[in-house]
Amino acid sequence: MPTIEHISAMEILDSRGRPTVSAACRLSDGAEASASVPSGASTGAAEALELRDGDMNRYGGLGCRKAVGNVNETIARAVIGRQFSDQSSLDHFLIDLDGTPNKSKLGANAVLATSIAFARASARSRGVPLYRHFADMIGQPLRTLPRLTINLFSGGKHAGGQVPIQDVLLVPASAATIDEALACVYACYQSAAKLCQRKYSSRALKADEGGLAPPFPDINAMFDDAVESIRAAGYEPGRDLALAVDVASSHFFDGGYRLEDHRILEPSRMIATLAAWTRQWPIVSIEDGLAEDDWANWPELRRAIGDRCLVLGDDFLCTNPQRIRRAIEANAANALLLKVNQIGTLTEAAEALNLARSARWHVTVSARSGETEDNWLADLAVGWAGDQIKVGSIAQSERLAKYNRLLQIEAETRMPVATWPG
Ligand code: PGA
Ligand code: ZN
């Protein structure tokens with residue numbers, strides 16, 4: 001294994017125009033690469049700490065100069081000239097160097113940018129595509145391409161909060177390839193944009209991840225409009241395209257679930273409401289149906305809908321092995337939303353993945369609402385055989401960079417898309 005010859009970072013801007021971290025790594029055999037990290041807005045309380053400068057005179061406190069400085073000074077001093085036999089040895093070194101449970105000393109943004117830049121440089125050093133390097137990292141063969149789940153409509157924290165729930169996504173269930181799936185979703189997105197214009201006189205206002213965000217009168221209208229858009233594009237809801245929902249319910253939990261302004265639901269009523277949605281609309285996945293700390297009620301949600309629907313944990317699990325272990329023991333979910341920056345290194349994310357797999361859970365590999373043009377997530381979803389990938393809408397270059405990379409990988413490997421649902 002070559003040694004690390006150079007590591008450095010700089011501040012760049014994400015898709016919301018907020019600062020984030022990009023790191024560059026060069027190995028002693030000359031292989032070099034850079035990588036940038038995303039950032040969430042609808043974050044879980046248990047996420048690793050994204051280090052921000054807090055200087056209110058610059059980017060409203062969101063600057064990343066401290067995190068960049070930590071790569072350029074503390075991390076660079078510690079790793080340059082050292083040999084790391086694999087990703088896990090570098091990541092464990094970084095975890096120890098940070099020494100906190102949530103990476104609050106160096107910042108998860110600093111640590112993850114380093115971790116991914118090293119992975120990409122290592123793939124180049126080995127002369128293999130990044131997706132293959134990711135597969136080798138977890139000792140698994142390449143199997144399938146992930147099935148797409150693509151944002152159609154948004155509310156909550158990613159839009160104006162016109163409805164409390166965050167996203168309704170399209171799942172091109174019958175498409176046999178990524179190429180076919182994208183064409184099918186494009187048609188639905190166009191018919192949805194027309195519907196927004198006609199029903200809401202709304203120009204196609206877009207949420208953070210490119211979803212359409214008209215002033216829906218209520219959640220039912222959001223689902224009805226999704227189904228209508230699928231039909232208007234000439235597809236059969238439930239057969240050609242199913243729906244997935246990111247309820248993101250931690251963000252409207254207030255002792256109970258404030259699904260409507262005038263009414264707060266008890267957890268049991270919330271579960272009954274979610275179950276009713278799965279009967280009324282072709283919903284195959286519900287993410288964060290309950291709040292992140294509502295441990296007592298997640299098992300009941302899984303019992304109520306888990307036989308026909310993914311009970312997917314995002315803020316609930318935070319890609320955190322400890323939380324995932326607890327959720328497996330409690331039978332509290334059946335699917336993991338995997339966001340590497342929630343935990344801060346590839347190695348810990350791989351541990352999260354392996355735990356989910358050991359419980360036979362589905363895994364959805366996910367982007368963040370603040371993304372960059374970097375496309376490593378597509379390679380990760382393929383290399384780690386994610387059942388699904390969630391990148392946002394079929395809009396905006398930071399999203400399309402990932403879809404375009406999937407198209408490239410599909411053309412290169414001709415692998416099938418994971419079968420789901422049904
Ligand atoms: P975030 O949202 O990146 O803003 O946290 C994405 C999601 O909730 O899935
Ligand atoms: Zn989510």
# chains A, B, ... in the order shown; residues from 1 in each chain; ligands from 1

$ residues_near_ligand --ligand "ligand 2" --cutoff "9 Å" --atoms "only C-alpha atoms and all ligand atoms" --output "list in words"
Ser42, Thr43, Gly44, Gln166, Asp167, Val245, Asp246, Val247, Ala248, Ser249, Glu287, Asp288, Leu312, Gly313, Asp314, Asp315, Leu337, Ser366 and Arg368 of chain A

$ select_by_dssp --residues "segment 156-269 of chain A" --states "strand (DSSP E)" --output "NGL selection string"
:A and (167-172 or 241-246 or 257-260 or 263-265)

$ residues_around --residues "segment 10-27 of chain A" --least-positions-apart "5" --cutoff "8 Å" --atoms "only C-alpha atoms" --output "MDAnalysis selection string"
chainID A and resid 2:5 32:39 59 62:65 67:68 71 109:110 113:114 117:118 121:122 125 208 370:372 398

$ write_last_selection --atoms "N, CA and C atoms" --output "short mmCIF file (atom, residue, chain, number, x, y, z; two decimals), in the first residue's frame"
data_model
loop_
_atom_site.label_atom_id
_atom_site.label_comp_id
_atom_site.auth_asym_id
_atom_site.auth_seq_id
_atom_site.Cartn_x
_atom_site.Cartn_y
_atom_site.Cartn_z
N PRO A 2 0.55 2.20 -0.85
CA PRO A 2 1.28 3.47 -0.81
C PRO A 2 0.96 4.26 0.46
N THR A 3 1.77 5.24 0.77
CA THR A 3 1.47 6.12 1.91
C THR A 3 0.65 7.31 1.43
N ILE A 4 0.10 8.05 2.38
CA ILE A 4 -0.59 9.31 2.01
C ILE A 4 0.50 10.39 1.90
N GLU A 5 0.57 11.00 0.73
CA GLU A 5 1.61 12.00 0.51
C GLU A 5 1.09 13.41 0.75
N GLU A 32 -4.30 10.40 -7.25
CA GLU A 32 -4.90 11.48 -6.48
C GLU A 32 -6.37 11.64 -6.81
N ALA A 33 -7.10 12.21 -5.87
CA ALA A 33 -8.54 12.37 -6.05
C ALA A 33 -9.06 13.37 -5.04
N SER A 34 -10.23 13.93 -5.35
CA SER A 34 -10.88 14.80 -4.37
C SER A 34 -12.32 14.35 -4.18
N ALA A 35 -12.93 14.80 -3.11
CA ALA A 35 -14.32 14.43 -2.82
C ALA A 35 -14.93 15.53 -1.97
N SER A 36 -16.22 15.75 -2.16
CA SER A 36 -16.89 16.74 -1.32
C SER A 36 -18.06 16.10 -0.59
N VAL A 37 -18.45 16.72 0.50
CA VAL A 37 -19.49 16.13 1.34
C VAL A 37 -20.77 16.97 1.33
N PRO A 38 -21.92 16.28 1.48
CA PRO A 38 -23.21 16.97 1.46
C PRO A 38 -23.59 17.46 2.86
N SER A 39 -24.78 18.03 2.95
CA SER A 39 -25.24 18.56 4.23
C SER A 39 -26.77 18.54 4.30
N TYR A 59 -21.72 33.93 5.99
CA TYR A 59 -22.67 32.85 5.69
C TYR A 59 -23.57 32.53 6.88
N LEU A 62 -22.55 29.69 8.97
CA LEU A 62 -22.43 28.35 8.37
C LEU A 62 -21.08 28.07 7.72
N GLY A 63 -20.15 29.00 7.80
CA GLY A 63 -18.83 28.78 7.20
C GLY A 63 -18.19 27.49 7.68
N CYS A 64 -17.29 26.95 6.85
CA CYS A 64 -16.62 25.68 7.19
C CYS A 64 -15.11 25.85 7.30
N ARG A 65 -14.67 27.08 7.62
CA ARG A 65 -13.22 27.29 7.68
C ARG A 65 -12.55 26.49 8.80
N ALA A 67 -13.53 23.51 9.90
CA ALA A 67 -13.44 22.12 9.44
C ALA A 67 -12.32 21.99 8.41
N VAL A 68 -12.23 22.96 7.50
CA VAL A 68 -11.17 22.95 6.49
C VAL A 68 -9.80 23.02 7.18
N VAL A 71 -8.69 19.72 8.56
CA VAL A 71 -8.09 18.81 7.56
C VAL A 71 -6.66 19.28 7.26
N ASN A 109 -17.83 16.69 8.89
CA ASN A 109 -17.58 17.15 7.50
C ASN A 109 -16.11 17.03 7.14
N ALA A 110 -15.22 17.37 8.08
CA ALA A 110 -13.77 17.26 7.83
C ALA A 110 -13.37 15.80 7.71
N ALA A 113 -14.94 14.03 4.45
CA ALA A 113 -14.28 14.46 3.20
C ALA A 113 -12.94 13.75 3.05
N THR A 114 -12.21 13.62 4.15
CA THR A 114 -10.93 12.91 4.12
C THR A 114 -11.14 11.43 3.79
N ALA A 117 -12.18 11.06 0.04
CA ALA A 117 -11.08 11.41 -0.87
C ALA A 117 -10.05 10.28 -0.88
N PHE A 118 -9.78 9.70 0.30
CA PHE A 118 -8.84 8.57 0.39
C PHE A 118 -9.38 7.36 -0.38
N ALA A 121 -8.95 8.00 -4.09
CA ALA A 121 -7.54 7.91 -4.48
C ALA A 121 -7.10 6.44 -4.46
N SER A 122 -7.59 5.67 -3.48
CA SER A 122 -7.22 4.25 -3.39
C SER A 122 -7.76 3.47 -4.59
N SER A 125 -5.54 4.23 -7.38
CA SER A 125 -4.27 3.53 -7.19
C SER A 125 -4.39 2.07 -7.61
N ASP A 208 -35.89 22.12 -2.03
CA ASP A 208 -34.43 21.96 -1.98
C ASP A 208 -33.91 20.83 -2.87
N GLY A 370 -28.74 19.28 0.91
CA GLY A 370 -27.66 20.14 0.40
C GLY A 370 -26.60 19.24 -0.21
N GLU A 371 -26.51 19.24 -1.54
CA GLU A 371 -25.58 18.33 -2.22
C GLU A 371 -24.58 19.14 -3.05
N THR A 372 -23.58 18.43 -3.55
CA THR A 372 -22.66 19.06 -4.49
C THR A 372 -22.70 18.25 -5.79
N GLU A 398 -26.88 18.95 -9.18
CA GLU A 398 -26.31 18.16 -8.07
C GLU A 398 -27.05 16.82 -7.93
#

$ closest_residue --among "A:Gly156, A:Gly386, A:Pro282, A:Pro267" --to "His251 of chain A" --atoms "only C-alpha atoms"
A:Gly156

$ select_by_dssp --residues "segment 263-422 of chain A" --states "helix (DSSP H, G or I)" --output "PyMOL selection string"
chain A and resi 267-280+298-305+321-329+340-343+346-358+376-383+397-413

$ closest_residue --among "A:Ile95, A:Ala159, A:Leu407, A:Ile219" --to "ligand 1" --atoms "only C-alpha atoms and all ligand atoms"
A:Ala159

$ residues_around --residues "Ile271 of chain A" --least-positions-apart "5" --cutoff "12 Å" --atoms "only C-alpha atoms" --output "list in words"
Val247, Ser249, Gly256, Tyr257, Leu259, Leu265, Glu266, Ala276, Trp277, Thr278, Ile286, Asp288, Gly289, Leu290, Ala291, Asp294, Asn297, Trp298, Pro299, Glu300, Leu301, Arg302, Arg303, Ala304, Ile305, Gly306 and Val311 of chain A

$ write_last_selection --atoms "C-alpha atoms" --output "PDB file, in the first residue's frame"
ATOM      1  CA  VAL A 247     -42.959  11.822   6.463  1.00  0.00           C
ATOM      2  CA  SER A 249     -42.303  13.350  11.381  1.00  0.00           C
ATOM      3  CA  GLY A 256     -47.998  14.334  19.490  1.00  0.00           C
ATOM      4  CA  TYR A 257     -48.083  14.489  15.705  1.00  0.00           C
ATOM      5  CA  LEU A 259     -50.324  16.489  10.890  1.00  0.00           C
ATOM      6  CA  LEU A 265     -52.484  12.959  16.884  1.00  0.00           C
ATOM      7  CA  GLU A 266     -51.568  10.443  19.556  1.00  0.00           C
ATOM      8  CA  ALA A 276     -54.766   4.122   6.012  1.00  0.00           C
ATOM      9  CA  TRP A 277     -52.493   5.923   3.542  1.00  0.00           C
ATOM     10  CA  THR A 278     -50.973   2.593   2.467  1.00  0.00           C
ATOM     11  CA  ILE A 286     -42.772   5.115   4.614  1.00  0.00           C
ATOM     12  CA  ASP A 288     -39.676   8.375   9.481  1.00  0.00           C
ATOM     13  CA  GLY A 289     -43.396   7.706   9.931  1.00  0.00           C
ATOM     14  CA  LEU A 290     -42.813   8.317  13.638  1.00  0.00           C
ATOM     15  CA  ALA A 291     -40.489  10.712  15.446  1.00  0.00           C
ATOM     16  CA  ASP A 294     -40.611   7.590  19.696  1.00  0.00           C
ATOM     17  CA  ASN A 297     -44.236   3.125  19.062  1.00  0.00           C
ATOM     18  CA  TRP A 298     -41.990   2.159  16.129  1.00  0.00           C
ATOM     19  CA  PRO A 299     -42.520  -1.603  16.744  1.00  0.00           C
ATOM     20  CA  GLU A 300     -46.290  -1.044  16.470  1.00  0.00           C
ATOM     21  CA  LEU A 301     -45.796   0.831  13.197  1.00  0.00           C
ATOM     22  CA  ARG A 302     -43.781  -2.079  11.851  1.00  0.00           C
ATOM     23  CA  ARG A 303     -46.501  -4.530  12.943  1.00  0.00           C
ATOM     24  CA  ALA A 304     -49.179  -2.385  11.299  1.00  0.00           C
ATOM     25  CA  ILE A 305     -47.622  -1.909   7.857  1.00  0.00           C
ATOM     26  CA  GLY A 306     -44.322  -3.819   7.719  1.00  0.00           C
ATOM     27  CA  VAL A 311     -40.707   0.979   7.512  1.00  0.00           C
TER      28      VAL A 311
END

$ closest_residue --among "A:Ser358, A:Gln190, A:Thr149, A:Ser229" --to "Trp420 of chain A" --atoms "only C-alpha atoms"
A:Thr149

$ closest_residue --among "A:Glu348, A:Asp91, A:Asp261, A:Glu292" --to "ligand 1" --atoms "only C-alpha atoms and all ligand atoms"
A:Glu292

$ closest_residue --among "A:Pro164, A:Gly344, A:Gly392, A:Pro141" --to "Lys206 of chain A" --atoms "only C-alpha atoms"
A:Gly392
